[in-house]
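Chemist: Have a look at this one before I ask anything.
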Amino acid sequence: MNQKPPVPRLDLAPKLKRPLSLWNPLDYLRLLYWVFYFPQALRWYVDTFGGGYIEGEGMNWSNHIQRNLLFQGLVLTVVTPLVLSGFLQQIGIVIDWVRVAFAVASGVAIGVAYGVAYGVAYGVAIGVAISVAFAVVAIRNASDVAIGVAYGVAIGVAIGVAYGVAIGVASGVFYRVTSGMVYGLAIGVAYKKLDYGVAISVAFAVAILRLENWLISSPFNLRNFHKSSFLIPRVTPLRLPYLTLRLQNWLQQDWETGLHNINQLLAYTLQFIPVVQAVNRTLAKTPPEQIIWRISRLAEVPVDWDLVRFASASLNIKPKSEFLRGILRDIPFLPANWRRRLEGGLIADTRLDTEAHATAAGFWYLHEKEPAKAKEAFAKVHSLLYGKEMYTLAQTLAIFHEAQEITNIAAINPPSPPYQGNNTEGLLRPNTWQAIASLHRVIEDTQLVQHSVSRVTRAFALNRAQGELTNILNHPQTLPEAERGLIIEIAQNWQKALLQVAGEVGEISITKPVRNPYIIGDPVLGERFVGRKDVMRQLEELWVTSESLQSVVLYGHRRMGKTSILRNAAKFVGSEVKVAYINMLNAGNISQEVGEVLIAICDSISETLNISPPTDADLLNLPSPTFERYLKRVVDKELIPSEQGLIIALDEFEKIEELITDGKIPTNFMGYLRGLVQMSSQLTFAFAGLHTLEEMTADYFDPFFGSVIPIHVGFMERAATRQILANPVETPEDFPLDYTPEALDTIYHLTHGQPYLVQLLGFQLVRRYNDQVFEMGHSRDPVFTVDDLEAVVNPDFFKRGRYYFDGVWSQAGQGAAGQQMILRLLAPHPQGLSLEAINDACTETLEDLNIQSALKTLQRHDVVQEKEGRWRIVVELFRRWVLTVNNL
């Protein structure tokens with residue numbers, strides 16, 4: 001079977017490697033050729049050498065390339081009609097030199113005017129073309145029909161050349177032909193010379209089509225598409241033979257290269273119709289699961305957005321729509337929003353009858369900033385791959401676009417995004433969803449601006465919202481082109497709405513050192529405890545809504561907030577459950593065996609339920625019966641009458657194993673506690689530590705196996721981290737500092753939501769602010785930035801956090817062998833290493849090492865994670881600590 005040759009990659013741009021020279025006569029001939037046979041080259045020249053071509057923008061006088069091009073254009077504007085008229089006179093044709101002078105003057109005036117208003121490329125093209133056009137009709141004693149023909153041809157070529165400079169004009173050929181014919185007939189009626197007007201009309205239409213360009217070039221492009229500039233038709237809209245079929249084959253064989261080629265044709269020729277036909281025929285044969293992806297690529301950076309439009313609209317209605325659009329475009333002083341509405345009402349040309357048509361319509365309407373229509377279009381392809389995502393995207397942007405006032409912005413309740421957390425991998429438009437996430441945060445902050453009674457909270461919320469919007473507006477290039485303009489318009493509208501209330505919110509003045517609200521080392525209590533809704537929800541289900549209390553074990557690596565959860569559990573689960581908290585580290589230094597442990601438990605129960613405990617002497621002399629009688633009294637007198645439950649929470653429960661191993665408490669202690677639980681369904685235990693019960697090395701905890709539900713206490717989500725940092729106290733007036741969005745993102749990157757490190761970073765930042773402002777007398781904004789973070793993450797920071805870092809490191813020294821060695825190996829690699837690389841490195845230094853067991857243990861303890869086949873240290877700050885402290 002013959003293999004198809006690869007799709008050629010077209011490069012139809014001019015091959016000039018240098019700027020045009022003022023002193024090279026051949027460059028003037030090149031420029032003259034460009035004007036009449038390759039006008040797109042003028043746009044390319046300004047874009048390549050003249051600082052960039054922007055459609056509709058005026059000339060950049062500070063750019064010497066553009067100044068030189070204007071001068072060269074003026075030279076051609078003056079010289080070309082003079083040389084042409086002189087040649088005609090030499091062959092016996094009588095020339096009216098007054099008309100020639102008028103032609104030169106008109107070309108110069110129009111060229112300069114259009115160059116200033118619309119750009120030098122446009123000005124040069126129309127100036128040279130107009131001067132030559134007017135010079136052609138400077139023939140004396142010619143008949144009206146002859147003059148009409150000459151005038152129509154000249155003006156048709158001139159206008160075709162001028163429009164050839166602009167991007168996307170290939171799709172407007174019909175409008176130019178029709179309007180030119182109407183213009184010619186109008187002249188004939190005005191001068192009462194209908195034959196003259198008809199001659200202008202017909203000649204104009206023929207000139208626009210540039211039949212000579214098509215006749216000369218078509219024979220050379222029948223078998224293969226030549227890349228030679230002189231063989232490719234640049235100025236004729238008449239379709240080349242077999243071009244549609246050739247493009248269709250390219251697109252079917254290689255969609256990406258085919259798209260590149262059709263964009264080359266749209267940028268440097270007028271072959272719009274063959275391109276559209278090839279695209280539509282290919283999409284009609286595209287499998288449903290590829291349709292949205294293919295059209296999204298089509299809409300990535302199209303040279304002419306009408307290509308996307310006519311992937312949905314029919315080419316049969318193209319003449320009507322072009323004519324109406326052209327008429328509306330030519331109405332002076334018509335506001336852009338009115339023009340858009342009239343076009344939408346008069347030209348409803350998109351179709352939703354097929355999946356390809358509906359998808360193309362959706363992307364077209366996003367580009368046209370009509371997200372409600374885009375939502376309607378994407379609803380038709382909701383079941384396709386990426387269909388639900390694009391429907392939700394259009395639905396969300398439609399809601400955002402409709403909100404213009406701050407009250408409307410604050411009231412927005414957007415649909416849920418098609419991803420969990422912050423993971424946008426696998427989505428079609430990840431950058432758009434990141435922008436939408438920023439707009440979500442703006443909504444949250446706008447709600448604070450609207451509803452908070454605190455001036456400080458409102459001020460910082462307004463600052464954060466403005467920062468998010470500014471970030472979107474400063475990086476538009478990161479957004480896909482289809483929805484870029486729409487999102488920028490939304491951000492601008494919202495920014496304008498927020499600016500209207502900026503004066504009401506006012507400035508914040510800090511006159512004394514800020515009290516540091518961040519807590520390092522101690523449990524976080526009361527209103528400062530946030531960000532653990534998932535764990536608290538599980539505890540509520542097990543302790544409140546369940547028929548009987550369930551024993552649980554909270555496990556996770558050091559300083560994850562397990563103690564804070566136990567200390568705050570009672571408040572979150574309601575008055576039906578009481579929690580008696582015991583830290584086994586405090587009960588660990590015992591000398592009187594198990595009695596001292598039971599004394600600690602009784603004291604906590606007594607404090608929680610206000611029931612006097614047994615005497616210490618009774619608990620030391622007869623620990624078991626005394627404790628049992630006390631618990632029975634608690635159940636009978638307190639729990640049963642009040643229908644309350646009691647949770648005995650043992651923190652750092654691994655200390656129990658240590659006490660058993662040291663012989664200070666009996667080996668059946670856990671079985672004894674399990675028996676007490678069976679005394680009443682209103683009594684149970686909660687454990688908190690580094691491990692699950694199954695991970696404990698000894699079998700002391702076997703009595704609780706199967707009856708204790710493990711709850712993993714892991715990292716906080718990004719939103720919870722942001723809340724802890726930005727709102728660390730109950731009363732916002734007590735914390736008049738704030739963070740930039742970039743600083744909050746950086747903190748999450750450094751900590752991955754590790755609670756202790758989040759609090760430590762916040763503590764160090766506030767301390768640094770107080771030192772700078774009130775100790776050193778420096779003036780600074782009360783907003784923490786990424787630079788502030790870089791300043792506090794220093795050797796002193798790692799010393800202050802040594803309890804966390806040493807704790808995680810020590811835990812890695814227990815259990816599966818080789819954990820610390822793997823951490824040393826991963827530390828120099830922020831992006832991680834593959835399992836193969838880890839195996840290669842470890843087997844060279846340690847034989848018989850079970851790499852998989854070590855990695856799984858580290859993963860279970862939230863120290864490492866696997867992502868896309870690479871293992872990496874989860875917490876960036878811990879990675880840096882391993883790298884520096886361990887002298888790697």
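By order of appearance in the structure tokens: chains A, B, ..., then residues from 1 within every chain, and ligands from 1 in the order shown.
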With only C-alpha atoms as the counted atoms, please give the residues lying no more than 7 Å from Leu833 in chain A, apart from itself and same-chain residues fewer than 5 positions off, as an MDAnalysis selection string.
Modeler: chainID A and resid 826 838 870:872
Chemist: Please produce an output containing all heavy atoms for each residue in the selection, written as a short mmCIF file (atom, residue, chain, number, x, y, z; two decimals), in the first residue's frame.
Modeler:
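Dumped to out.cif:
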```
data_model
loop_
_atom_site.label_atom_id
_atom_site.label_comp_id
_atom_site.auth_asym_id
_atom_site.auth_seq_id
_atom_site.Cartn_x
_atom_site.Cartn_y
_atom_site.Cartn_z
N LEU A 826 15.41 13.02 45.90
CA LEU A 826 14.41 13.85 45.24
C LEU A 826 14.63 15.34 45.46
O LEU A 826 14.17 16.16 44.65
CB LEU A 826 13.01 13.47 45.73
CG LEU A 826 12.49 12.08 45.36
CD1 LEU A 826 11.13 11.84 46.01
CD2 LEU A 826 12.40 11.92 43.86
N ILE A 838 14.85 6.75 40.08
CA ILE A 838 15.02 6.48 41.51
C ILE A 838 15.63 5.10 41.72
O ILE A 838 16.56 4.93 42.54
CB ILE A 838 13.66 6.58 42.22
CG1 ILE A 838 13.12 8.01 42.14
CG2 ILE A 838 13.77 6.15 43.67
CD1 ILE A 838 11.71 8.17 42.67
N ARG A 870 6.13 10.86 37.65
CA ARG A 870 7.29 11.40 38.35
C ARG A 870 6.97 11.56 39.83
O ARG A 870 5.89 12.04 40.20
CB ARG A 870 7.72 12.75 37.75
CG ARG A 870 8.05 12.68 36.27
CD ARG A 870 8.45 14.03 35.72
NE ARG A 870 9.77 14.44 36.17
CZ ARG A 870 10.90 14.08 35.58
NH1 ARG A 870 10.88 13.31 34.51
NH2 ARG A 870 12.07 14.49 36.04
N TRP A 871 7.92 11.16 40.66
CA TRP A 871 7.77 11.28 42.11
C TRP A 871 8.47 12.56 42.57
O TRP A 871 9.59 12.84 42.18
CB TRP A 871 8.38 10.07 42.81
CG TRP A 871 7.61 8.80 42.59
CD1 TRP A 871 7.75 7.92 41.56
CD2 TRP A 871 6.57 8.28 43.43
NE1 TRP A 871 6.86 6.89 41.68
CE2 TRP A 871 6.13 7.08 42.83
CE3 TRP A 871 5.98 8.71 44.61
CZ2 TRP A 871 5.12 6.30 43.39
CZ3 TRP A 871 4.98 7.94 45.17
CH2 TRP A 871 4.56 6.75 44.57
N ARG A 872 7.77 13.33 43.41
CA ARG A 872 8.33 14.58 43.89
C ARG A 872 7.92 14.79 45.33
O ARG A 872 6.92 14.26 45.82
CB ARG A 872 7.85 15.76 43.04
CG ARG A 872 6.35 15.90 42.98
CD ARG A 872 5.91 17.07 42.09
NE ARG A 872 6.18 18.33 42.73
CZ ARG A 872 5.32 18.95 43.55
NH1 ARG A 872 4.14 18.39 43.81
NH2 ARG A 872 5.62 20.09 44.09
#
```
Chemist: With only C-alpha atoms as the counted atoms, please give the residues lying no more than 10 Å from Val634 in chain A, apart from itself and same-chain residues fewer than 4 positions off, as a list of chain:residue names.
Modeler: A:Ile605, A:Ser606, A:Leu609, A:Asn610, A:Ile611, A:Ser612, A:Pro613, A:Glu628, A:Arg629, A:Tyr630, A:Glu638, A:Leu639, A:Ile640, A:Leu646, A:Leu683
Chemist: Any chance you can output those residues with C-alpha atoms as a short mmCIF file (atom, residue, chain, number, x, y, z; two decimals), in the first residue's frame?
Modeler:
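Below you can see result10.cif, which holds the result:
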```
data_model
loop_
_atom_site.label_atom_id
_atom_site.label_comp_id
_atom_site.auth_asym_id
_atom_site.auth_seq_id
_atom_site.Cartn_x
_atom_site.Cartn_y
_atom_site.Cartn_z
CA ILE A 605 -13.93 14.31 81.66
CA SER A 606 -14.55 16.21 84.88
CA LEU A 609 -18.94 17.55 82.04
CA ASN A 610 -18.49 19.25 85.42
CA ILE A 611 -18.67 15.94 87.33
CA SER A 612 -16.13 15.64 90.13
CA PRO A 613 -13.49 12.95 89.46
CA GLU A 628 -15.09 1.97 85.61
CA ARG A 629 -17.35 3.17 88.43
CA TYR A 630 -16.60 6.78 87.48
CA GLU A 638 -25.04 12.86 82.71
CA LEU A 639 -25.13 11.15 79.34
CA ILE A 640 -28.38 9.16 79.54
CA LEU A 646 -18.98 11.62 75.21
CA LEU A 683 -19.40 6.65 74.87
#
```
Chemist: Between A:Trp494, A:Tyr365, A:Glu483, A:Leu283, which one has atoms that come closest to Asn408 in chain A, using only C-alpha atoms?
Modeler: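 Looking only at the distances to Asn408 in chain A, the closest residue turns out to be A:Trp494.
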Chemist: State, in Å with one decimal place, the distance from CA of Asp651 in chain A to CA of Val579 in chain A.
Modeler: 12.0 Å
Chemist: As a PyMOL selection string, please: the residues near Phe878 in chain A (cut-off 9 Å, only C-alpha atoms, same-chain neighbours under 5 positions excluded).
Modeler: chain A and resi 750-751+804-805+808+827+863+873+883
Chemist: Give the strand (DSSP E) residues of range 542-573 of chain A, as DSSP finds them on the backbone, and put them as a PyMOL selection string.
Modeler: chain A and resi 551-555
Chemist: Write the residues you've just listed into a file as a PDB file, in the first residue's frame, and include N, CA and C atoms for each of them.
Modeler:
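What ended up in selection32.pdb:
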```
ATOM      1  N   SER A 551     -16.006   5.169  66.917  1.00  0.00           N
ATOM      2  CA  SER A 551     -14.624   5.508  67.245  1.00  0.00           C
ATOM      3  C   SER A 551     -13.868   5.869  65.970  1.00  0.00           C
ATOM      4  N   VAL A 552     -12.989   6.853  66.064  1.00  0.00           N
ATOM      5  CA  VAL A 552     -12.240   7.307  64.886  1.00  0.00           C
ATOM      6  C   VAL A 552     -10.775   7.450  65.251  1.00  0.00           C
ATOM      7  N   VAL A 553      -9.931   7.452  64.214  1.00  0.00           N
ATOM      8  CA  VAL A 553      -8.527   7.806  64.375  1.00  0.00           C
ATOM      9  C   VAL A 553      -8.194   8.856  63.326  1.00  0.00           C
ATOM     10  N   LEU A 554      -7.775  10.012  63.792  1.00  0.00           N
ATOM     11  CA  LEU A 554      -7.302  11.062  62.890  1.00  0.00           C
ATOM     12  C   LEU A 554      -5.808  10.869  62.685  1.00  0.00           C
ATOM     13  N   TYR A 555      -5.410  10.671  61.427  1.00  0.00           N
ATOM     14  CA  TYR A 555      -3.992  10.427  61.185  1.00  0.00           C
ATOM     15  C   TYR A 555      -3.480  11.357  60.075  1.00  0.00           C
TER      16      TYR A 555
END
```
Chemist: Excluding Val864 in chain A and its own-chain neighbours fewer than 2 positions away, which residues fall within 9 Å of it when counting only C-alpha atoms? Please give them as a list in words.
Modeler: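 Result of the neighbour search: Leu823, Leu855, Lys856, Leu858, Gln859, Arg860, His861, Asp862, Glu866, Trp871, Arg872, Ile873, Val874 and Val875 of chain A.
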Chemist: Restricted to all heavy atoms, what would the selected residues look like written as a CSV table (one decimal), in the first residue's frame?
Modeler:
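New file out-v2.csv:
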```csv
chain,number,residue,atom,x,y,z
A,823,LEU,N,14.3,10.8,49.9
A,823,LEU,CA,14.1,12.2,50.1
A,823,LEU,C,15.3,13.0,49.7
A,823,LEU,O,15.3,14.0,49.0
A,823,LEU,CB,13.7,12.5,51.5
A,823,LEU,CG,12.3,12.0,51.9
A,823,LEU,CD1,12.0,12.3,53.4
A,823,LEU,CD2,11.2,12.6,51.1
A,855,LEU,N,8.5,4.3,48.9
A,855,LEU,CA,7.7,5.4,48.2
A,855,LEU,C,6.3,5.4,48.7
A,855,LEU,O,5.7,6.5,48.9
A,855,LEU,CB,7.8,5.2,46.7
A,855,LEU,CG,9.1,5.6,46.0
A,855,LEU,CD1,9.1,5.2,44.6
A,855,LEU,CD2,9.3,7.1,46.2
A,856,LYS,N,5.7,4.2,48.8
A,856,LYS,CA,4.3,4.1,49.2
A,856,LYS,C,4.1,4.6,50.7
A,856,LYS,O,3.1,5.3,51.0
A,856,LYS,CB,3.8,2.7,49.1
A,856,LYS,CG,3.6,2.2,47.7
A,856,LYS,CD,2.7,3.1,46.9
A,856,LYS,CE,2.5,2.6,45.5
A,856,LYS,NZ,1.6,3.4,44.6
A,858,LEU,N,6.1,6.9,52.2
A,858,LEU,CA,6.2,8.4,52.1
A,858,LEU,C,4.9,9.0,51.5
A,858,LEU,O,4.5,10.1,51.9
A,858,LEU,CB,7.4,8.8,51.3
A,858,LEU,CG,8.8,8.5,51.9
A,858,LEU,CD1,9.9,8.7,50.9
A,858,LEU,CD2,9.0,9.4,53.1
A,859,GLN,N,4.3,8.4,50.5
A,859,GLN,CA,3.1,8.9,49.9
A,859,GLN,C,2.0,8.8,50.9
A,859,GLN,O,1.2,9.8,51.0
A,859,GLN,CB,2.8,8.1,48.7
A,859,GLN,CG,1.6,8.6,47.9
A,859,GLN,CD,1.3,7.7,46.7
A,859,GLN,OE1,1.4,6.5,46.7
A,859,GLN,NE2,0.9,8.3,45.5
A,860,ARG,N,1.9,7.7,51.7
A,860,ARG,CA,0.8,7.6,52.6
A,860,ARG,C,0.9,8.7,53.7
A,860,ARG,O,-0.1,9.1,54.3
A,860,ARG,CB,0.8,6.2,53.3
A,860,ARG,CG,-0.4,5.9,54.1
A,860,ARG,CD,-0.4,4.4,54.4
A,860,ARG,NE,0.7,3.9,55.1
A,860,ARG,CZ,1.7,3.1,54.5
A,860,ARG,NH1,1.5,2.7,53.3
A,860,ARG,NH2,2.7,2.7,55.2
A,861,HIS,N,2.1,9.1,54.0
A,861,HIS,CA,2.4,10.1,55.0
A,861,HIS,C,2.4,11.5,54.4
A,861,HIS,O,2.8,12.5,55.1
A,861,HIS,CB,3.7,9.9,55.8
A,861,HIS,CG,3.6,8.6,56.6
A,861,HIS,ND1,4.7,7.9,57.0
A,861,HIS,CD2,2.6,7.8,57.0
A,861,HIS,CE1,4.4,6.9,57.7
A,861,HIS,NE2,3.1,6.8,57.7
A,862,ASP,N,2.0,11.7,53.2
A,862,ASP,CA,1.9,13.0,52.5
A,862,ASP,C,3.2,13.7,52.4
A,862,ASP,O,3.3,14.9,52.3
A,862,ASP,CB,0.9,13.9,53.3
A,862,ASP,CG,-0.5,13.5,53.3
A,862,ASP,OD1,-1.0,13.0,52.2
A,862,ASP,OD2,-1.2,13.6,54.3
A,866,GLU,N,3.0,11.1,43.4
A,866,GLU,CA,3.3,10.8,42.0
A,866,GLU,C,2.4,11.5,41.1
A,866,GLU,O,1.2,11.6,41.3
A,866,GLU,CB,3.2,9.3,41.8
A,866,GLU,CG,3.5,8.8,40.4
A,866,GLU,CD,3.1,7.4,40.1
A,866,GLU,OE1,2.4,6.8,40.9
A,866,GLU,OE2,3.6,6.9,39.1
A,871,TRP,N,7.9,11.2,40.7
A,871,TRP,CA,7.8,11.3,42.1
A,871,TRP,C,8.5,12.6,42.6
A,871,TRP,O,9.6,12.8,42.2
A,871,TRP,CB,8.4,10.1,42.8
A,871,TRP,CG,7.6,8.8,42.6
A,871,TRP,CD1,7.7,7.9,41.6
A,871,TRP,CD2,6.6,8.3,43.4
A,871,TRP,NE1,6.9,6.9,41.7
A,871,TRP,CE2,6.1,7.1,42.8
A,871,TRP,CE3,6.0,8.7,44.6
A,871,TRP,CZ2,5.1,6.3,43.4
A,871,TRP,CZ3,5.0,7.9,45.2
A,871,TRP,CH2,4.6,6.8,44.6
A,872,ARG,N,7.8,13.3,43.4
A,872,ARG,CA,8.3,14.6,43.9
A,872,ARG,C,7.9,14.8,45.3
A,872,ARG,O,6.9,14.3,45.8
A,872,ARG,CB,7.8,15.8,43.0
A,872,ARG,CG,6.4,15.9,43.0
A,872,ARG,CD,5.9,17.1,42.1
A,872,ARG,NE,6.2,18.3,42.7
A,872,ARG,CZ,5.3,18.9,43.6
A,872,ARG,NH1,4.1,18.4,43.8
A,872,ARG,NH2,5.6,20.1,44.1
A,873,ILE,N,8.7,15.6,46.0
A,873,ILE,CA,8.4,16.0,47.4
A,873,ILE,C,7.2,17.0,47.3
A,873,ILE,O,7.2,18.0,46.6
A,873,ILE,CB,9.6,16.6,48.1
A,873,ILE,CG1,10.7,15.6,48.3
A,873,ILE,CG2,9.2,17.2,49.5
A,873,ILE,CD1,12.0,16.1,48.9
A,874,VAL,N,6.2,16.8,48.2
A,874,VAL,CA,5.0,17.5,48.1
A,874,VAL,C,5.2,19.0,48.5
A,874,VAL,O,4.8,19.9,47.8
A,874,VAL,CB,3.8,16.9,48.9
A,874,VAL,CG1,2.6,17.8,48.8
A,874,VAL,CG2,3.5,15.5,48.4
A,875,VAL,N,5.7,19.2,49.7
A,875,VAL,CA,5.9,20.5,50.3
A,875,VAL,C,7.2,21.1,49.8
A,875,VAL,O,8.3,20.6,50.2
A,875,VAL,CB,5.8,20.5,51.8
A,875,VAL,CG1,6.0,21.8,52.4
A,875,VAL,CG2,4.5,19.9,52.3
```
Chemist: Write out as an mmCIF file with N, CA and C atoms, in the first residue's frame each polymer residue whose atoms come within 12 Å of Gln477 in chain A, counting only C-alpha atoms; drop sequence neighbours fewer than 4 positions from it.
Modeler:
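Written file, out-v2.cif:
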```
data_model
loop_
_atom_site.group_PDB
_atom_site.id
_atom_site.type_symbol
_atom_site.label_atom_id
_atom_site.label_comp_id
_atom_site.auth_asym_id
_atom_site.auth_seq_id
_atom_site.Cartn_x
_atom_site.Cartn_y
_atom_site.Cartn_z
ATOM 1 N N GLU A 300 -8.178 29.034 16.843
ATOM 2 C CA GLU A 300 -7.051 29.427 17.704
ATOM 3 C C GLU A 300 -6.499 30.788 17.297
ATOM 4 N N VAL A 301 -5.977 30.901 16.076
ATOM 5 C CA VAL A 301 -5.482 32.192 15.592
ATOM 6 C C VAL A 301 -5.816 32.303 14.106
ATOM 7 N N ASN A 431 -6.537 27.823 30.309
ATOM 8 C CA ASN A 431 -6.231 29.224 30.619
ATOM 9 C C ASN A 431 -7.504 30.044 30.822
ATOM 10 N N THR A 432 -8.543 29.722 30.057
ATOM 11 C CA THR A 432 -9.816 30.420 30.252
ATOM 12 C C THR A 432 -10.390 30.109 31.625
ATOM 13 N N ALA A 435 -8.720 32.120 34.232
ATOM 14 C CA ALA A 435 -9.256 33.490 34.257
ATOM 15 C C ALA A 435 -10.618 33.525 34.929
ATOM 16 N N ASN A 471 -4.535 41.744 36.768
ATOM 17 C CA ASN A 471 -3.733 40.622 36.280
ATOM 18 C C ASN A 471 -4.304 40.059 34.986
ATOM 19 N N ILE A 472 -5.623 39.970 34.893
ATOM 20 C CA ILE A 472 -6.256 39.500 33.645
ATOM 21 C C ILE A 472 -5.988 40.477 32.512
ATOM 22 N N LEU A 473 -6.150 41.767 32.791
ATOM 23 C CA LEU A 473 -5.992 42.783 31.742
ATOM 24 C C LEU A 473 -4.541 42.922 31.303
ATOM 25 N N GLU A 481 -7.969 33.207 21.637
ATOM 26 C CA GLU A 481 -8.446 34.381 20.912
ATOM 27 C C GLU A 481 -9.970 34.431 20.837
ATOM 28 N N ALA A 482 -10.637 33.280 20.810
ATOM 29 C CA ALA A 482 -12.092 33.285 20.659
ATOM 30 C C ALA A 482 -12.765 34.050 21.792
ATOM 31 N N GLU A 483 -12.383 33.764 23.033
ATOM 32 C CA GLU A 483 -13.039 34.414 24.165
ATOM 33 C C GLU A 483 -12.197 35.531 24.778
ATOM 34 N N ARG A 484 -11.061 35.841 24.182
ATOM 35 C CA ARG A 484 -10.175 36.864 24.762
ATOM 36 C C ARG A 484 -10.867 38.209 24.876
ATOM 37 N N GLY A 485 -11.433 38.696 23.790
ATOM 38 C CA GLY A 485 -12.086 40.004 23.819
ATOM 39 C C GLY A 485 -13.239 40.046 24.794
ATOM 40 N N ILE A 487 -13.626 38.213 27.620
ATOM 41 C CA ILE A 487 -13.142 38.230 29.001
ATOM 42 C C ILE A 487 -12.527 39.585 29.339
ATOM 43 N N ILE A 488 -11.802 40.169 28.388
ATOM 44 C CA ILE A 488 -11.231 41.499 28.622
ATOM 45 C C ILE A 488 -12.344 42.516 28.842
#
```
Chemist: If we count only C-alpha atoms and set the cut-off at 8 Å, which residues sit around Glu355 in chain A, ignoring sequence neighbours fewer than 6 positions away in its own chain? Please answer as a list in words.
Modeler: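 Near Glu355 in chain A, the qualifying residues are Pro288, Ile291, Lys380 and Val381 of chain A.
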Chemist: With N, CA and C atoms retained, write the just-selected residues as a short mmCIF file (atom, residue, chain, number, x, y, z; two decimals), in the first residue's frame.
Modeler:
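This is the output file result_19.cif:
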```cif
data_model
loop_
_atom_site.label_atom_id
_atom_site.label_comp_id
_atom_site.auth_asym_id
_atom_site.auth_seq_id
_atom_site.Cartn_x
_atom_site.Cartn_y
_atom_site.Cartn_z
N PRO A 288 -17.43 12.50 15.57
CA PRO A 288 -18.01 13.41 16.58
C PRO A 288 -17.08 13.74 17.72
N ILE A 291 -14.77 16.74 16.79
CA ILE A 291 -15.31 17.97 16.19
C ILE A 291 -14.94 19.20 17.00
N LYS A 380 -26.16 22.34 21.82
CA LYS A 380 -26.43 21.33 20.79
C LYS A 380 -25.38 20.22 20.79
N VAL A 381 -24.19 20.50 21.33
CA VAL A 381 -23.11 19.51 21.32
C VAL A 381 -22.70 19.14 22.74
#
```
Chemist: Choose the residue, out of A:Phe774, A:Tyr769, A:Trp881, A:Phe715, that has the smallest atom-to-atom separation from Gly801 in chain A; count only C-alpha atoms.
Modeler: A:Trp881
Chemist: What lies within 9 Å of Thr359 in chain A using only C-alpha atoms, ignoring chain neighbours under 4 positions off, as number ranges by chain?
Modeler: A: 291-292, 295-296, 311-312, 352, 354-355, 363-364, 374, 377-378, 380-381, 387
Chemist: Using DSSP assignments from the backbone, pull out every residue in range 382-510 of chain A that falls under helix (DSSP H, G or I) and give it to me as an NGL selection string.
Modeler: :A and (387-402 or 406-410 or 430-451 or 455-474 or 476-478 or 481-505)
Chemist: Name the closest residue to Leu725 in chain A among the candidates A:Asn621, A:Arg768, A:His749, A:Tyr518; distances are taken between atoms, counting only C-alpha atoms.
Modeler: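 The answer is A:Tyr518, which sits nearest to Leu725 in chain A.
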Chemist: Between CA of Leu397 in chain A and CA of Thr424 in chain A, what distance in Å does the model show, to one decimal?
Modeler: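 Interatomic distance here is 17.4 Å.
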